Amino acid sequence: MHRKFLTAFPLLFIPVFFILFVSCEPAKLPPDEAVKKLDRLLNNVNVYDAIVRQGDTLITRENRDLKASLPDIDKFPMTVDPRIGIHDEAVSVFVSTEKSGRKEPDNWLTIMTERFNDRQVKLSNGNTAKVIVRSIASGTGHEYIASGKYFPTAFSPSNILWVNMVSAYGVKMTPVADSLVNNTAGIIMKNAVYDRLTGKYGELNIKNLITAVVQGDLRMGYTNPYASSTGLNFLISVLNAFADGDESKMLTEEVISSFESFQRGVPFVALTTLQMRESVEKNGSLDAFVMEYQTFVNTQVLSSGYRFIPFGVKHSNPLYAVGDIPAIKMEVLRKYAAFLKERESRDLADRYGFNKLLDYEYNYPTVSGNVLISAQQLWKEKKDSGRPILAVFLSDVSGSMNGIPLDMLKAALIEGSHFISSSNYIGLVTFSSEVTRLLEVRKFDDLHRSVFVSAVKKMSAGGSTAMYDGIAVSLKMLNEAKTREPSGKPMLFLLTDGDSNRGMSLGDIENVIAGLEIPIYTIGYNANIEVLNVLSNINEAATIVADDENIGYKLGAMLNAEM
């Protein structure tokens with residue numbers, strides 16, 4: 001069967017591999033009216049029960065991390081890829097995305113590296129220095145190096161925290177430059193919120209902001225600390241504040257209890273900065289969010305009406321050699337770092353928004369790599385403050401998914417199940433010409449996970465695409481699960497390769513989705529991404545742009561953050 005999409009969107013990698021588009025906010029029904037309308041809509045939906053109740057074998061839960069499912073390194077673009085001759089000495093560098101893109105203002109290092117290569121810098125052995133730049137988010141670059149799956153010659157993340165974590169995994173990291181360019185993490189807040197909080201708390205430093213969240217005076221969000229430099233920085237800043245800067249106390253029961261109190265005041269931890277920004281702009285559930293200063297000053301919609309409150313370690317963009325490298329490679333890196341300190345380079349960085357807020361000082365010592373790793377694990381366990389996630393996975397099994405797409409989707413769901421905590425509740429639904437319920441929403445203990453895996457393996461493709469019918473059935477299941485588990489946080493994960501061509505339309509159900517306030521995270525395979533973004537944007541969720549080869553990693557990253 002032919003594909004159902006009109007355009008194949010290219011795969012774009014941004015710091016945490018997700019994109020969002022702005023859509024018009026739908027009319028929102030009151031919750032009771034949304035439930036009544038949903039029931040009316042379901043009267044016209046063909047839904048079947050094929051509940052799987054037994055797994056093939058009891059699957060022992062594994063401690064899985066994202067490193068096991070990293071895609072091929074070629075999925076991350078080389079933004080500087082010079083021709084290498086026999087008399088050239090080349091080094092490859094992992095570079096964080098805010099300085100290694102292809103467009104202004106995120107291409108400072110791309111431009112300067114091309115100029116360095118054009119200069120034909122000579123080395124002590126008579127050869128010419130050449131630098132290859134691979135644009136990759138700091139957290140992902142850390143995963144490749146720490147796992148041993150891929151070693152560049154050097155690593156330039158946004159901040160030193162990722163270097164400390166790589167070192168904790170036993171990889172030798174040799175400093176070349178403490179800072180290539182300066183940036184600062186901060187909390188973005190509307191002026192009205194800022195004025196209200198300063199009137200009550202005085203100076204809005206990190207401690208006062210934490211207090212405001214705990215007291216219910218501030219609803220703020222931050223990004224996934226497994227992937228985002230700013231998110232990791234914020235997590236460590238919060239733990240450091242609770243521990244009064246004493247690293248030995250950061251993981252004590254007292255600090256953990258305080259962190260759980262803080263998390264109860266966080267509406268959601270976002271997959272992307274854009275997800276948070278839109279929530280603030282549209283008067284959603286957030287009053288404030290985190291962002292780097294260089295991005296803040298280059299974002300037109302934030303040019304007025306917002307304050308930037310700096311926090312955490314400086315994003316100094318260090319450069320470190322990875323592992324034991326030959327002396328001639330180190331010479332290339334040192335000449336490269338010196339070039340990036342020249343006036344021409346500094347002037348361009350200044351124009352692109354770097355090297356600002358230089359008077360900001362961080363008062364706590366930098367945290368060791370082992371504590372950083374433990375802090376990430378703590379966040380994973382405690383971020384929902386004891387509230388279970390109630391989730392339904394809604395999978396497209398229409399004809400166009402037949403073959404490799406469905407095989408990869410099934411593999412991704414099975415792999416992704418390792419990232420789901422046993423305290424959460426999971427259901428499974430498929431859709432094609434009709435909708436089929438495969439798993440009720442139940443606690444994801446080892447037995448239910450084995451049944452989940454068995455149900456996924458049995459999925460087969462064929463028929464049309466009644467996507468919105470599937471959404472309606474899934475929302476009903478989640479609403480019923482919420483009745484049984486009032487403290488639970490419902491969410492829907494939609495995996496599809498196209499738009500709906502059967503059954504109800506988005507217009508039929510959009511105000512129901514808004515009224516139920518259940519976020520829909522969408523994962524699109526060569527799909528109509530604009531349609532999926534509309535769905536995800538209704539209730540502050542996000543969309544993954546995936547292909548058949550990297551869906552396992554991307555879904556794992558999403559589930560690691562949300563589940």
# chains A, B, ... in the order shown; residues from 1 in each chain; ligands from 1
>>> residues_around(residues="Glu98 (chain A)", least_positions_apart="3", cutoff="8 Å", atoms="only C-alpha atoms", output="count of residues only")
5
>>> select_by_dssp(residues="region 244-488 of chain A", states="strand (DSSP E)", output="PyMOL selection string")
chain A and resi 288-292+306-310+319-322+389-396+425-431+435-443
>>> write_last_selection(atoms="N, CA and C atoms", output="short mmCIF file (atom, residue, chain, number, x, y, z; two decimals), in the first residue's frame")
data_model
loop_
_atom_site.label_atom_id
_atom_site.label_comp_id
_atom_site.auth_asym_id
_atom_site.auth_seq_id
_atom_site.Cartn_x
_atom_site.Cartn_y
_atom_site.Cartn_z
N ALA A 288 7.48 30.08 34.03
CA ALA A 288 8.89 30.30 33.73
C ALA A 288 9.50 29.02 33.20
N PHE A 289 10.65 29.16 32.50
CA PHE A 289 11.34 28.00 31.96
C PHE A 289 12.82 28.32 31.84
N VAL A 290 13.63 27.32 31.50
CA VAL A 290 15.08 27.50 31.43
C VAL A 290 15.55 27.61 29.99
N MET A 291 16.64 28.35 29.81
CA MET A 291 17.18 28.58 28.47
C MET A 291 18.57 29.19 28.61
N GLU A 292 19.44 28.99 27.61
CA GLU A 292 20.73 29.65 27.58
C GLU A 292 20.56 31.11 27.13
N TYR A 306 10.12 39.89 29.09
CA TYR A 306 10.67 38.74 29.81
C TYR A 306 11.96 39.12 30.52
N ARG A 307 12.22 38.45 31.63
CA ARG A 307 13.47 38.61 32.38
C ARG A 307 14.30 37.35 32.27
N PHE A 308 15.62 37.52 32.33
CA PHE A 308 16.57 36.41 32.34
C PHE A 308 17.26 36.39 33.69
N ILE A 309 17.10 35.30 34.44
CA ILE A 309 17.69 35.17 35.78
C ILE A 309 18.76 34.08 35.71
N PRO A 310 20.04 34.43 35.76
CA PRO A 310 21.09 33.42 35.60
C PRO A 310 21.17 32.46 36.78
N LEU A 319 37.00 22.75 25.76
CA LEU A 319 37.48 21.82 24.74
C LEU A 319 38.41 20.82 25.41
N TYR A 320 38.08 19.53 25.30
CA TYR A 320 38.87 18.46 25.92
C TYR A 320 39.22 17.40 24.89
N ALA A 321 40.47 16.95 24.93
CA ALA A 321 40.88 15.80 24.13
C ALA A 321 40.33 14.53 24.77
N VAL A 322 39.91 13.58 23.93
CA VAL A 322 39.27 12.35 24.41
C VAL A 322 40.25 11.20 24.30
N ILE A 389 2.62 7.33 36.43
CA ILE A 389 2.22 7.70 35.07
C ILE A 389 1.18 6.68 34.58
N LEU A 390 0.11 7.17 34.00
CA LEU A 390 -0.90 6.33 33.36
C LEU A 390 -0.76 6.57 31.86
N ALA A 391 -0.31 5.56 31.12
CA ALA A 391 0.00 5.79 29.71
C ALA A 391 -0.62 4.72 28.83
N VAL A 392 -1.04 5.15 27.65
CA VAL A 392 -1.45 4.23 26.59
C VAL A 392 -0.54 4.46 25.40
N PHE A 393 0.00 3.39 24.86
CA PHE A 393 0.74 3.42 23.60
C PHE A 393 -0.24 3.09 22.48
N LEU A 394 -0.41 4.02 21.56
CA LEU A 394 -1.34 3.88 20.44
C LEU A 394 -0.53 3.74 19.16
N SER A 395 -0.59 2.55 18.56
CA SER A 395 0.32 2.22 17.45
C SER A 395 -0.44 2.06 16.14
N ASP A 396 0.09 2.70 15.11
CA ASP A 396 -0.43 2.59 13.74
C ASP A 396 -0.03 1.23 13.17
N TYR A 425 1.54 2.72 35.04
CA TYR A 425 0.44 1.90 34.52
C TYR A 425 0.38 2.07 32.99
N ILE A 426 0.37 0.94 32.27
CA ILE A 426 0.53 0.98 30.82
C ILE A 426 -0.58 0.20 30.12
N GLY A 427 -1.09 0.76 29.02
CA GLY A 427 -2.03 0.07 28.14
C GLY A 427 -1.53 0.12 26.70
N LEU A 428 -2.12 -0.69 25.82
CA LEU A 428 -1.69 -0.78 24.43
C LEU A 428 -2.90 -0.88 23.51
N VAL A 429 -2.94 -0.02 22.49
CA VAL A 429 -4.03 0.02 21.51
C VAL A 429 -3.42 0.11 20.12
N THR A 430 -4.04 -0.52 19.13
CA THR A 430 -3.62 -0.38 17.74
C THR A 430 -4.78 0.17 16.91
N PHE A 431 -4.43 0.78 15.77
CA PHE A 431 -5.47 1.25 14.86
C PHE A 431 -5.05 1.01 13.42
N VAL A 435 -10.18 -0.01 15.46
CA VAL A 435 -9.34 0.15 16.65
C VAL A 435 -9.40 -1.13 17.46
N THR A 436 -8.23 -1.57 17.97
CA THR A 436 -8.18 -2.79 18.76
C THR A 436 -7.47 -2.53 20.08
N ARG A 437 -8.14 -2.89 21.16
CA ARG A 437 -7.52 -2.81 22.49
C ARG A 437 -6.77 -4.10 22.76
N LEU A 438 -5.46 -3.98 22.98
CA LEU A 438 -4.63 -5.16 23.23
C LEU A 438 -4.30 -5.33 24.71
N LEU A 439 -4.11 -4.22 25.41
CA LEU A 439 -3.78 -4.29 26.83
C LEU A 439 -4.55 -3.23 27.59
N GLU A 440 -5.17 -3.63 28.69
CA GLU A 440 -5.78 -2.67 29.58
C GLU A 440 -4.69 -1.91 30.33
N VAL A 441 -5.04 -0.75 30.87
CA VAL A 441 -4.07 0.07 31.60
C VAL A 441 -3.88 -0.55 32.98
N ARG A 442 -2.73 -1.21 33.15
CA ARG A 442 -2.45 -1.89 34.42
C ARG A 442 -1.02 -1.59 34.86
N LYS A 443 -0.76 -1.87 36.14
CA LYS A 443 0.57 -1.61 36.70
C LYS A 443 1.62 -2.40 35.94
#
>>> residues_around(residues="Leu218 (chain A)", least_positions_apart="4", cutoff="8 Å", atoms="only C-alpha atoms", output="JSON list (two decimals) with C-alpha atoms, in the first residue's frame")
[["chain", "number", "residue", "atom", "x", "y", "z"],
["A", 209, "LEU", "CA", 12.97, 30.52, 43.24],
["A", 212, "ALA", "CA", 8.51, 29.93, 45.39],
["A", 213, "VAL", "CA", 7.98, 26.63, 43.55],
["A", 265, "GLY", "CA", 5.39, 22.09, 42.15],
["A", 287, "ASP", "CA", 5.20, 30.76, 34.50],
["A", 288, "ALA", "CA", 8.89, 30.30, 33.73]]
>>> closest_residue(among="A:Lys207, A:Arg115, A:Lys36, A:Lys489", to="Leu239 (chain A)", atoms="only C-alpha atoms")
A:Lys207
>>> select_by_dssp(residues="region 139-193 of chain A", states="helix (DSSP H, G or I)", output="list in words")
Gly139, Thr140, Gly141, His142, Glu143, Tyr144, Ile145, Ala146, Ser147, Ile160, Leu161, Trp162, Val163, Asn164, Met165, Val166, Ser167, Ala168, Asn191, Ala192 and Val193 of chain A
>>> write_last_selection(atoms="N, CA and C atoms", output="PDB file, in the first residue's frame")
ATOM      1  N   GLY A 139      24.584  16.114  25.776  1.00  0.00           N
ATOM      2  CA  GLY A 139      24.207  14.874  26.450  1.00  0.00           C
ATOM      3  C   GLY A 139      24.390  13.664  25.579  1.00  0.00           C
ATOM      4  N   THR A 140      24.084  13.791  24.302  1.00  0.00           N
ATOM      5  CA  THR A 140      24.236  12.658  23.383  1.00  0.00           C
ATOM      6  C   THR A 140      25.705  12.394  23.094  1.00  0.00           C
ATOM      7  N   GLY A 141      26.482  13.457  22.916  1.00  0.00           N
ATOM      8  CA  GLY A 141      27.921  13.275  22.726  1.00  0.00           C
ATOM      9  C   GLY A 141      28.539  12.556  23.908  1.00  0.00           C
ATOM     10  N   HIS A 142      28.108  12.939  25.111  1.00  0.00           N
ATOM     11  CA  HIS A 142      28.580  12.267  26.328  1.00  0.00           C
ATOM     12  C   HIS A 142      28.251  10.777  26.285  1.00  0.00           C
ATOM     13  N   GLU A 143      27.050  10.420  25.809  1.00  0.00           N
ATOM     14  CA  GLU A 143      26.640   9.011  25.775  1.00  0.00           C
ATOM     15  C   GLU A 143      27.518   8.196  24.826  1.00  0.00           C
ATOM     16  N   TYR A 144      27.825   8.739  23.655  1.00  0.00           N
ATOM     17  CA  TYR A 144      28.696   8.018  22.711  1.00  0.00           C
ATOM     18  C   TYR A 144      30.074   7.774  23.321  1.00  0.00           C
ATOM     19  N   ILE A 145      30.635   8.788  23.954  1.00  0.00           N
ATOM     20  CA  ILE A 145      31.985   8.657  24.498  1.00  0.00           C
ATOM     21  C   ILE A 145      31.988   7.753  25.724  1.00  0.00           C
ATOM     22  N   ALA A 146      31.055   7.976  26.658  1.00  0.00           N
ATOM     23  CA  ALA A 146      31.018   7.197  27.890  1.00  0.00           C
ATOM     24  C   ALA A 146      30.763   5.716  27.619  1.00  0.00           C
ATOM     25  N   SER A 147      29.961   5.424  26.585  1.00  0.00           N
ATOM     26  CA  SER A 147      29.657   4.032  26.249  1.00  0.00           C
ATOM     27  C   SER A 147      30.774   3.353  25.475  1.00  0.00           C
ATOM     28  N   ILE A 160      31.000  22.066  31.658  1.00  0.00           N
ATOM     29  CA  ILE A 160      31.981  21.113  32.166  1.00  0.00           C
ATOM     30  C   ILE A 160      31.327  19.875  32.772  1.00  0.00           C
ATOM     31  N   LEU A 161      30.044  19.924  33.086  1.00  0.00           N
ATOM     32  CA  LEU A 161      29.388  18.802  33.752  1.00  0.00           C
ATOM     33  C   LEU A 161      29.496  17.519  32.931  1.00  0.00           C
ATOM     34  N   TRP A 162      29.330  17.617  31.612  1.00  0.00           N
ATOM     35  CA  TRP A 162      29.397  16.425  30.762  1.00  0.00           C
ATOM     36  C   TRP A 162      30.807  15.846  30.733  1.00  0.00           C
ATOM     37  N   VAL A 163      31.814  16.692  30.777  1.00  0.00           N
ATOM     38  CA  VAL A 163      33.199  16.213  30.827  1.00  0.00           C
ATOM     39  C   VAL A 163      33.431  15.435  32.115  1.00  0.00           C
ATOM     40  N   ASN A 164      32.934  15.964  33.231  1.00  0.00           N
ATOM     41  CA  ASN A 164      33.077  15.267  34.512  1.00  0.00           C
ATOM     42  C   ASN A 164      32.405  13.898  34.480  1.00  0.00           C
ATOM     43  N   MET A 165      31.263  13.810  33.814  1.00  0.00           N
ATOM     44  CA  MET A 165      30.556  12.533  33.741  1.00  0.00           C
ATOM     45  C   MET A 165      31.307  11.531  32.866  1.00  0.00           C
ATOM     46  N   VAL A 166      31.813  11.986  31.741  1.00  0.00           N
ATOM     47  CA  VAL A 166      32.610  11.101  30.879  1.00  0.00           C
ATOM     48  C   VAL A 166      33.814  10.572  31.656  1.00  0.00           C
ATOM     49  N   SER A 167      34.484  11.445  32.395  1.00  0.00           N
ATOM     50  CA  SER A 167      35.643  11.023  33.192  1.00  0.00           C
ATOM     51  C   SER A 167      35.255   9.963  34.212  1.00  0.00           C
ATOM     52  N   ALA A 168      34.038  10.079  34.774  1.00  0.00           N
ATOM     53  CA  ALA A 168      33.587   9.118  35.779  1.00  0.00           C
ATOM     54  C   ALA A 168      33.414   7.727  35.188  1.00  0.00           C
ATOM     55  N   ASN A 191       7.671  39.458  32.903  1.00  0.00           N
ATOM     56  CA  ASN A 191       7.904  40.582  33.803  1.00  0.00           C
ATOM     57  C   ASN A 191       6.875  40.634  34.933  1.00  0.00           C
ATOM     58  N   ALA A 192       5.617  40.337  34.607  1.00  0.00           N
ATOM     59  CA  ALA A 192       4.575  40.405  35.636  1.00  0.00           C
ATOM     60  C   ALA A 192       4.817  39.379  36.732  1.00  0.00           C
ATOM     61  N   VAL A 193       5.267  38.189  36.348  1.00  0.00           N
ATOM     62  CA  VAL A 193       5.577  37.150  37.337  1.00  0.00           C
ATOM     63  C   VAL A 193       6.787  37.571  38.154  1.00  0.00           C
TER      64      VAL A 193
END
>>> residues_around(residues="Asp74 (chain A)", least_positions_apart="2", cutoff="12 Å", atoms="only C-alpha atoms", output="JSON, numbers by chain")
{"A": [13, 70, 71, 72, 76, 77, 78, 79, 134, 135, 136, 150, 549, 550]}
>>> write_last_selection(atoms="N, CA and C atoms", output="PDB file, in the first residue's frame")
ATOM      1  N   PHE A  13      18.223  17.269  13.676  1.00  0.00           N
ATOM      2  CA  PHE A  13      18.717  17.048  15.034  1.00  0.00           C
ATOM      3  C   PHE A  13      18.953  18.380  15.700  1.00  0.00           C
ATOM      4  N   LEU A  70      21.955   3.709  21.038  1.00  0.00           N
ATOM      5  CA  LEU A  70      22.439   4.836  20.245  1.00  0.00           C
ATOM      6  C   LEU A  70      22.450   4.490  18.760  1.00  0.00           C
ATOM      7  N   PRO A  71      21.967   5.392  17.903  1.00  0.00           N
ATOM      8  CA  PRO A  71      22.007   5.134  16.458  1.00  0.00           C
ATOM      9  C   PRO A  71      23.417   5.300  15.911  1.00  0.00           C
ATOM     10  N   ASP A  72      23.587   4.979  14.640  1.00  0.00           N
ATOM     11  CA  ASP A  72      24.875   5.172  13.990  1.00  0.00           C
ATOM     12  C   ASP A  72      25.277   6.637  14.073  1.00  0.00           C
ATOM     13  N   PHE A  76      24.262  12.122  12.981  1.00  0.00           N
ATOM     14  CA  PHE A  76      24.562  13.459  13.456  1.00  0.00           C
ATOM     15  C   PHE A  76      25.486  14.137  12.446  1.00  0.00           C
ATOM     16  N   PRO A  77      25.079  15.281  11.923  1.00  0.00           N
ATOM     17  CA  PRO A  77      25.758  15.850  10.755  1.00  0.00           C
ATOM     18  C   PRO A  77      27.138  16.412  11.064  1.00  0.00           C
ATOM     19  N   MET A  78      28.032  16.245  10.107  1.00  0.00           N
ATOM     20  CA  MET A  78      29.317  16.942  10.156  1.00  0.00           C
ATOM     21  C   MET A  78      29.110  18.293   9.483  1.00  0.00           C
ATOM     22  N   THR A  79      29.095  19.343  10.267  1.00  0.00           N
ATOM     23  CA  THR A  79      28.862  20.670   9.703  1.00  0.00           C
ATOM     24  C   THR A  79      30.134  21.283   9.123  1.00  0.00           C
ATOM     25  N   ARG A 134      31.492  17.764  14.215  1.00  0.00           N
ATOM     26  CA  ARG A 134      30.216  17.041  14.200  1.00  0.00           C
ATOM     27  C   ARG A 134      29.282  17.714  15.200  1.00  0.00           C
ATOM     28  N   SER A 135      28.146  18.188  14.721  1.00  0.00           N
ATOM     29  CA  SER A 135      27.178  18.870  15.564  1.00  0.00           C
ATOM     30  C   SER A 135      26.331  17.854  16.317  1.00  0.00           C
ATOM     31  N   ILE A 136      26.427  17.875  17.645  1.00  0.00           N
ATOM     32  CA  ILE A 136      25.743  16.870  18.453  1.00  0.00           C
ATOM     33  C   ILE A 136      25.441  17.458  19.834  1.00  0.00           C
ATOM     34  N   TYR A 150      31.686   5.452  20.279  1.00  0.00           N
ATOM     35  CA  TYR A 150      32.394   6.295  19.315  1.00  0.00           C
ATOM     36  C   TYR A 150      33.239   7.305  20.073  1.00  0.00           C
ATOM     37  N   GLU A 549      15.594   3.871  11.460  1.00  0.00           N
ATOM     38  CA  GLU A 549      16.844   3.453  12.070  1.00  0.00           C
ATOM     39  C   GLU A 549      17.067   4.020  13.466  1.00  0.00           C
ATOM     40  N   ASN A 550      16.467   5.161  13.779  1.00  0.00           N
ATOM     41  CA  ASN A 550      16.773   5.774  15.074  1.00  0.00           C
ATOM     42  C   ASN A 550      15.578   5.848  16.009  1.00  0.00           C
TER      43      ASN A 550
END
>>> closest_residue(among="A:Lys190, A:Val214, A:Leu372, A:Asn528", to="Val301 (chain A)", atoms="only C-alpha atoms")
A:Lys190
>>> residues_around(residues="Asn479 (chain A)", least_positions_apart="3", cutoff="9 Å", atoms="only C-alpha atoms", output="ChimeraX atom specification")
/A:35,474-476,482-484,490,516,518
>>> write_last_selection(atoms="C-alpha atoms", output="PDB file, in the first residue's frame")
ATOM      1  CA  VAL A  35     -16.194  13.208  28.710  1.00  0.00           C
ATOM      2  CA  SER A 474      -7.180   5.640  24.167  1.00  0.00           C
ATOM      3  CA  LEU A 475      -8.480   8.796  25.865  1.00  0.00           C
ATOM      4  CA  LYS A 476     -11.435   6.841  27.213  1.00  0.00           C
ATOM      5  CA  LYS A 482      -7.481   8.197  36.161  1.00  0.00           C
ATOM      6  CA  THR A 483     -10.740   7.436  37.990  1.00  0.00           C
ATOM      7  CA  ARG A 484      -9.151   4.291  39.454  1.00  0.00           C
ATOM      8  CA  PRO A 490      -2.294  10.361  32.215  1.00  0.00           C
ATOM      9  CA  LEU A 516      -9.438  16.270  29.171  1.00  0.00           C
ATOM     10  CA  ILE A 518      -4.222  14.640  28.488  1.00  0.00           C
TER      11      ILE A 518
END
>>> closest_residue(among="A:Gly231, A:Pro318, A:Pro267, A:Gly245", to="Gly186 (chain A)", atoms="only C-alpha atoms")
A:Gly231
>>> closest_residue(among="A:Arg346, A:His448, A:Arg102, A:Lys380", to="Gly55 (chain A)", atoms="only C-alpha atoms")
A:His448
